[in-house]
Protein chains: 6
Amino acid sequence: MSEIGRGVPLAITAAAKRLVDLALEEDLGSAGDVTSECTVGERTPGIADIVAKQDLVVCGVFAAEMTFAAVDANVEFHARAAEGTHVVKGAIVAHLEGPARSILAGERTALNFLQRLSGIACQARSFTQAVGKHKAKILDTRKTTPGWRALEKFAVKCGGAENHRVGLFDGILIKDNHVAAAGGVAKAIQSAKRLAPSLLKIEVEVTTFDQLKEALAEDPDVILLDNFDLDGIKKCVEIARASNKKVLLEVSGGVTLARVPELAATGVDFLSAGALTHSAPAADLSLELSLL
Amino acid sequence: MSEIGRGVPLAITAAAKRLVDLALEEDLGSAGDVTSECTVGERTPGIADIVAKQDLVVCGVFAAEMTFAAVDANVEFHARAAEGTHVVKGAIVAHLEGPARSILAGERTALNFLQRLSGIACQARSFTQAVGKHKAKILDTRKTTPGWRALEKFAVKCGGAENHRVGLFDGILIKDNHVAAAGGVAKAIQSAKRLAPSLLKIEVEVTTFDQLKEALAEDPDVILLDNFDLDGIKKCVEIARASNKKVLLEVSGGVTLARVPELAATGVDFLSAGALTHSAPAADLSLELSLL
Amino acid sequence: MSEIGRGVPLAITAAAKRLVDLALEEDLGSAGDVTSECTVGERTPGIADIVAKQDLVVCGVFAAEMTFAAVDANVEFHARAAEGTHVVKGAIVAHLEGPARSILAGERTALNFLQRLSGIACQARSFTQAVGKHKAKILDTRKTTPGWRALEKFAVKCGGAENHRVGLFDGILIKDNHVAAAGGVAKAIQSAKRLAPSLLKIEVEVTTFDQLKEALAEDPDVILLDNFDLDGIKKCVEIARASNKKVLLEVSGGVTLARVPELAATGVDFLSAGALTHSAPAADLSLELSLL
Amino acid sequence: MSEIGRGVPLAITAAAKRLVDLALEEDLGSAGDVTSECTVGERTPGIADIVAKQDLVVCGVFAAEMTFAAVDANVEFHARAAEGTHVVKGAIVAHLEGPARSILAGERTALNFLQRLSGIACQARSFTQAVGKHKAKILDTRKTTPGWRALEKFAVKCGGAENHRVGLFDGILIKDNHVAAAGGVAKAIQSAKRLAPSLLKIEVEVTTFDQLKEALAEDPDVILLDNFDLDGIKKCVEIARASNKKVLLEVSGGVTLARVPELAATGVDFLSAGALTHSAPAADLSLELSLL
Amino acid sequence: MSEIGRGVPLAITAAAKRLVDLALEEDLGSAGDVTSECTVGERTPGIADIVAKQDLVVCGVFAAEMTFAAVDANVEFHARAAEGTHVVKGAIVAHLEGPARSILAGERTALNFLQRLSGIACQARSFTQAVGKHKAKILDTRKTTPGWRALEKFAVKCGGAENHRVGLFDGILIKDNHVAAAGGVAKAIQSAKRLAPSLLKIEVEVTTFDQLKEALAEDPDVILLDNFDLDGIKKCVEIARASNKKVLLEVSGGVTLARVPELAATGVDFLSAGALTHSAPAADLSLELSLL
Amino acid sequence: MSEIGRGVPLAITAAAKRLVDLALEEDLGSAGDVTSECTVGERTPGIADIVAKQDLVVCGVFAAEMTFAAVDANVEFHARAAEGTHVVKGAIVAHLEGPARSILAGERTALNFLQRLSGIACQARSFTQAVGKHKAKILDTRKTTPGWRALEKFAVKCGGAENHRVGLFDGILIKDNHVAAAGGVAKAIQSAKRLAPSLLKIEVEVTTFDQLKEALAEDPDVILLDNFDLDGIKKCVEIARASNKKVLLEVSGGVTLARVPELAATGVDFLSAGALTHSAPAADLSLELSLL
């Protein structure tokens, strides 16, 4: 692993390794890259650059590096941009040297990682910048691509936003169905306080002012205001403030980039958006090969 | 597997199974769904519907079914819409009965499959409809999410578009780098004709009129016109027609939904777009649970 | 899965499945059970009981069931005691019917699961009962057998104790090394408050009264009193009470069964003991087969 | 692999690798070590010693080394004690240098291997030493932790005891159920002699003097005296001696450390004890980190 | 699993399962059976017979069944011949009903298992029959196809021959290199007697009459006469008889079908032949489909 | 990977890696190489040559190298013959240095790869040479050993023959069952032309002259003449020539080495033979070890 990849935690690289293996398997199959075998000499050497075709926040260079390492240990990979860096169109993100066939065999898979992860990082950056001077933090959700949770959450952080729960295990988030099962907001919070693991905080989702008040009375750590309109959110903030409780407020539902400024201006603590991960357009990068 | 899932080929379900396992592992970890364990009774029964929150082309119901089967064999899953069906907002895509905790544990993963695959199917449908009366077929590319190749290509077909190569192994596609390595378009095609497996056709990418003419002289099966502007494409079509060769033409590069009509009108055979798979926004679906 | 196994969460059964596969592989190898093949007829039917040879808290019946299911789908398995039940010597924990060879092939693996998990559950029960009328909860630690984290933590709960963090991901626990790296207790807590995921509480380990006071000033959720003697713990409790902070206290280090009563009497909230999982003696169970 | 790990056979290291992967997965999950990420700088270097906190027989250093290698290739691991060495309290078992975060991420998993394997090695050593001047060898059993068979049997050898069968495949051991199925001790042995693979010896379990005599008449290689009391064992030894057969005798059932001397004094060849592997208390080791 | 498959031990079916998965993956890839998708209706039902195209010993029906079960749970598979049965040309080995596409997708993989395993069983049967009235048993070797050890050894038994060691773990076989390392035949046997696990017999390979005599003096369980010519073997038999030792003799090296009668006539106990597994020609079977 | 292994594509080495792991697992199990542990010192060094015991076409050296790399990273492996090279009896194929125990542990697995793959390469070479001056190319089939598709197809190429389809995904091959399902040869071809992926050619199997004529009318890319006798094939060639269609002809069914010359003389383009892969006798190689 080059210097660039060193800072990426094991939980992320382990998830990437599984996907690298799946990706090469699905792209090469048991027959391999027949085009290169027909047109490129077995030992033709190549050098290549991975280039940003638009301004972007770099994410996934470590996965590109892992891809080429899996294809052929003889490909040298030199990262030129650290994860999370903002680069301009034309910037070189990585430089490669090695057998041309091996570079071509890994090209698409490496780019597929970079385009998706950098795309999410760009999206996260846009949302974060739209907050402006307000205190609100942008959070992701669990609406991620199956198999990609750790990677997409890493990209969100590269873009400057923060991670909500990583899974069902690192936080108590009481939603409408839990409320219904427990017999009301108050009962659900009480039940969670009694039974939750000792180091997990409790967040509860509310959809009405009455539920908000019921929740505030039970002292949860965070309250999630789900699908309120702007005025509703403003009123929720007032109610919470009036309660004098030390509680954080999160807004979810319809958190689009366009609405971030007005939502952040309400004074809530968190804005969470599934679109960060499930609908970020791919960033544009390409691999440019020269034969020696 | 319910009736719905029966028609999905093994290559697709096998790919889905791997992702279902990864997704449940990343969402449940070794600690599981602590919120439900704190707020929902161990044996509380539930019934639920998966509902389309927008008009959409259904894709991924089989993966949702596999998700719940992996979570708990006691969850009954009844698909209500076949893969590839167009449904309107409010339509019920599947109905579930079983332990409420198990339905909640699988909810997000199941929806994450549906939102992504239906999103791609919708995108494919939009592109296909934009072709209008012209003969051009919409093709996907290999710009897919690592680990998701088979599933995303299946979604493309559900939306009415067609698949280009599935991997590097099921077709010869000579690109710029191969041309350079082989010493020119003609040499590359000749080399491929001599060495390619007997059942693979040969497609060659050209970026200039001269390359197009050089290619036509060698009788490839398909010629890919890469990044020509509209007038360039029209001229390419004329050159190809004038050559009297039985060759198919494909256009790639900048194939956006808005440009599909004018590109299709040029008379080319294929339009290929990476955006079908790498930048399709997620479709909106939700799971609505009732406790019995 | 029989009725008994239904309540065991997926995160637990998934961990068990991996170990069942490893265990059968290591016990049967590629050559199988040669003794039974030499001495027991291929179709000889058998019935068997799994019997407790001592009073014990049952844990692992679901894993025994999974073992026989993996050995041979023709073995019927009927659980006779639910996970977490206390049974007396001689009690039948499960009843089996099926090919004698298959019962013998799975016998040792099934018992190896039961003896370990029931052993831990017994240990947890002893610790819990030793607390008496005090409020202290017994917690496990991360000192578990590699590969067995989820199962051993499940056994702890079956024995009536509670789980501390499941892994490094579901709680902030600042230990001596983190304190050193951050430049002191206060700085470490401040840093964690600023950077921790929003739904994780913060616990900090202290080893001196000064550290305790420094910690209290920063309002962590839990303070871990590590390796204090009894008088030291009592003094810590006083200091914490005097601070008027809403903080929970945990004691770790040398928490043996014999010391639980006096430690619990100090009024702390949690006692954590690695011995629950790493040094619990195996419970005694056997499989008694009758040939039909 | 450092010099220390070189002597460990592939069958052992392969088993350890699987458990290392499972252990890191269960400890780091998809979210990783959040505490260290909040309190320790990404590039803070560390040096650490793994220290024996009691006199012990070292076992598992190779697994600790594999753990850190899996966490981060930048951690240098220097073993300071060979597998099977007896060291005193305070001895340094291994020395590490590398990123502090990586050392902390692997700490618990590495220690969990060492504490369990060294604990078994210590137990084996105690049993072996208790034999004194007698010829009896201490054997383990198949009562091992699922997934840990090869490792625990390796630890037994590190402690100076010997391995009984590794699985169901490397020896014929006719137990009560096989005797019943075959229609008696004599018939079972005859059947095994006729059908067993040519390089496997035959051992038969007996529980009465009559069975012992019946067995002796059939010339098995080893006879297992199961659950006889001390006088019974002595009488069995006499009967066997009187038979003039070249047979080895093994005692099992209730072979506790306290009884080893008297059992060994009876002149039997083997004493086998499940407690070696299933009830050995963990050895005490810790990792002591210094930040540079 | 149908009645036929029930008798096949887990160690065999587990090995088969891994190969079934690999085989379907390599045959279907991520793109699947494109021919059937183009020419056979998605729901066209089919019935099919697997037919012997020559007289043969059936082996591998269980693997064929597992193949179709993996392809599509809707294919019903009815075995018509038990493993190890001798059938004549034209015999129906199995009958299938289900979706035609699924039958076609599994056809080649199922036949590939049957042709290989039945081929080995036929070879084993030929060798066994060539022994005639002599006592010699035909043994296989470890010269098997990587990944296929358990399956090929099962086929050998189906053909009536017997298994030598399954791996390096279930018998001591001292070969020339071990003799050299130990410092001679006698020393090697003594060393093995001292160190070998208690239930493993000891076989030693000799290539000269002197080595044979040296071996006999040490009482091994079996002596392997490697690459002696016919007269040499006869002389070895005499030497062994004259020694009055209870030792078994095995012949290896150049054990072809043609030589089996003369080799068996020498009176040795075992003839081992790598050709049983590594050079058995495939048996001829086909799948005949009818569309309903 | 040494210089020799560098040219082997990832799709091949990835397939080999899986089999290397399976093979070592089945040969070493969880108990390992007990003979070497009893007779060879733990650190005894060795040097060894892998030697051809017959003239042969080398194939599988890369797999042998991977085997020893998996057994012990301290074994140095020096390939002495490139894949596909023809060598004479006595030639050294590879040279090894390292711990003698490790060389012995990997010996059989490495040879098992070499004997099978070189055997197939030899078979392919014999077939290819039998074609003589005719244009016919020798093709393999999908009648390969499950799990070995990519490796066996690689061996075929090393022997100078060519690969037919690698799987069901890289070519349309319409067989009798597809013809039946589609309602005739013409309809099947038309259907495939309409539905097949754009880069796959279409081959159709015919068994009568009428079918041949029906096929020719539809312009497939290749026609497979299945099980015609020699005169039939000659007549087919005439019919095809008379049609003036640009179609290639393949012969399958009964393509034995003896018949290759007469079949090639008919002027067809391809001869395909399952025997290349399913019935090639193993090549003879051995490993000769010297202890230092």
# chains A, B, ... in the order shown; residues from 1 in each chain; ligands from 1
>>> interface_residues(of="chain C", to="chain B", cutoff="8 Å", atoms="only C-alpha atoms", output="JSON list (two decimals) with C-alpha atoms, in the first residue's frame")
[["chain", "number", "residue", "atom", "x", "y", "z"],
["C", 7, "GLY", "CA", -35.77, -16.15, 18.87],
["C", 9, "PRO", "CA", -31.10, -13.00, 16.27],
["C", 10, "LEU", "CA", -29.50, -13.32, 12.85],
["C", 11, "ALA", "CA", -26.22, -11.77, 14.02],
["C", 12, "ILE", "CA", -25.84, -14.71, 16.42],
["C", 15, "ALA", "CA", -21.71, -16.27, 13.56],
["C", 149, "ARG", "CA", -17.62, -12.75, 20.15],
["C", 150, "ALA", "CA", -21.31, -12.76, 19.23],
["C", 166, "VAL", "CA", -19.67, -5.69, 21.32]]
>>> residues_around(residues="E:Val206", least_positions_apart="6", cutoff="12 Å", atoms="only C-alpha atoms", output="VMD selection string")
chain E and resid 173 to 180 184 to 186 188 to 189 212 to 216 220 222 to 228 232 to 233 236 249 to 253
>>> write_last_selection(atoms="C-alpha atoms", output="mmCIF file, in the first residue's frame")
data_model
loop_
_atom_site.group_PDB
_atom_site.id
_atom_site.type_symbol
_atom_site.label_atom_id
_atom_site.label_comp_id
_atom_site.auth_asym_id
_atom_site.auth_seq_id
_atom_site.Cartn_x
_atom_site.Cartn_y
_atom_site.Cartn_z
ATOM 1 C CA LEU E 173 4.201 -43.311 5.014
ATOM 2 C CA ILE E 174 7.967 -43.034 5.130
ATOM 3 C CA LYS E 175 9.335 -42.436 1.633
ATOM 4 C CA ASP E 176 12.866 -42.205 0.270
ATOM 5 C CA ASN E 177 13.228 -38.541 1.213
ATOM 6 C CA HIS E 178 12.179 -39.224 4.787
ATOM 7 C CA VAL E 179 14.611 -42.141 4.947
ATOM 8 C CA ALA E 180 17.395 -39.888 3.753
ATOM 9 C CA GLY E 184 18.360 -44.680 7.078
ATOM 10 C CA VAL E 185 15.347 -46.967 7.040
ATOM 11 C CA ALA E 186 15.815 -48.237 10.576
ATOM 12 C CA ALA E 188 13.262 -43.463 10.219
ATOM 13 C CA ILE E 189 11.002 -46.230 11.512
ATOM 14 C CA LEU E 212 13.637 -54.447 2.966
ATOM 15 C CA LYS E 213 15.617 -56.472 5.494
ATOM 16 C CA GLU E 214 16.476 -53.368 7.473
ATOM 17 C CA ALA E 215 12.797 -52.465 7.524
ATOM 18 C CA LEU E 216 11.630 -55.932 8.554
ATOM 19 C CA PRO E 220 6.619 -51.612 10.563
ATOM 20 C CA VAL E 222 3.292 -52.170 6.051
ATOM 21 C CA ILE E 223 6.226 -52.188 3.625
ATOM 22 C CA LEU E 224 5.906 -50.532 0.238
ATOM 23 C CA LEU E 225 7.958 -52.218 -2.496
ATOM 24 C CA ASP E 226 8.593 -49.395 -4.920
ATOM 25 C CA ASN E 227 9.497 -49.987 -8.540
ATOM 26 C CA PHE E 228 10.789 -53.563 -8.179
ATOM 27 C CA GLY E 232 12.269 -58.599 -7.411
ATOM 28 C CA ILE E 233 8.789 -58.550 -5.950
ATOM 29 C CA CYS E 236 10.774 -59.609 -1.558
ATOM 30 C CA LEU E 249 3.348 -55.785 1.590
ATOM 31 C CA GLU E 250 2.298 -53.155 -0.956
ATOM 32 C CA VAL E 251 3.543 -52.848 -4.526
ATOM 33 C CA SER E 252 3.673 -49.518 -6.330
ATOM 34 C CA GLY E 253 5.233 -48.201 -9.529
#
>>> residues_around(residues="A:Ala161", least_positions_apart="4", cutoff="12 Å", atoms="only C-alpha atoms", output="ChimeraX atom specification")
/A:84,120-131,136-141,152-157,270-273,276-277 /C:197
>>> select_by_dssp(residues="stretch 94-194 of chain A", states="strand (DSSP E)", output="list in words")
Ala94, His95, Leu96, Glu97, Gly98, Pro99, Lys137, Ile138, Leu139, Ile172, Leu173 and Ile174 of chain A
>>> residues_around(residues="E:Val57", least_positions_apart="3", cutoff="12 Å", atoms="only C-alpha atoms", output="MDAnalysis selection string")
chainID E and resid 52:54 60:61 81:89 91 93 114:126 155:160 282:285
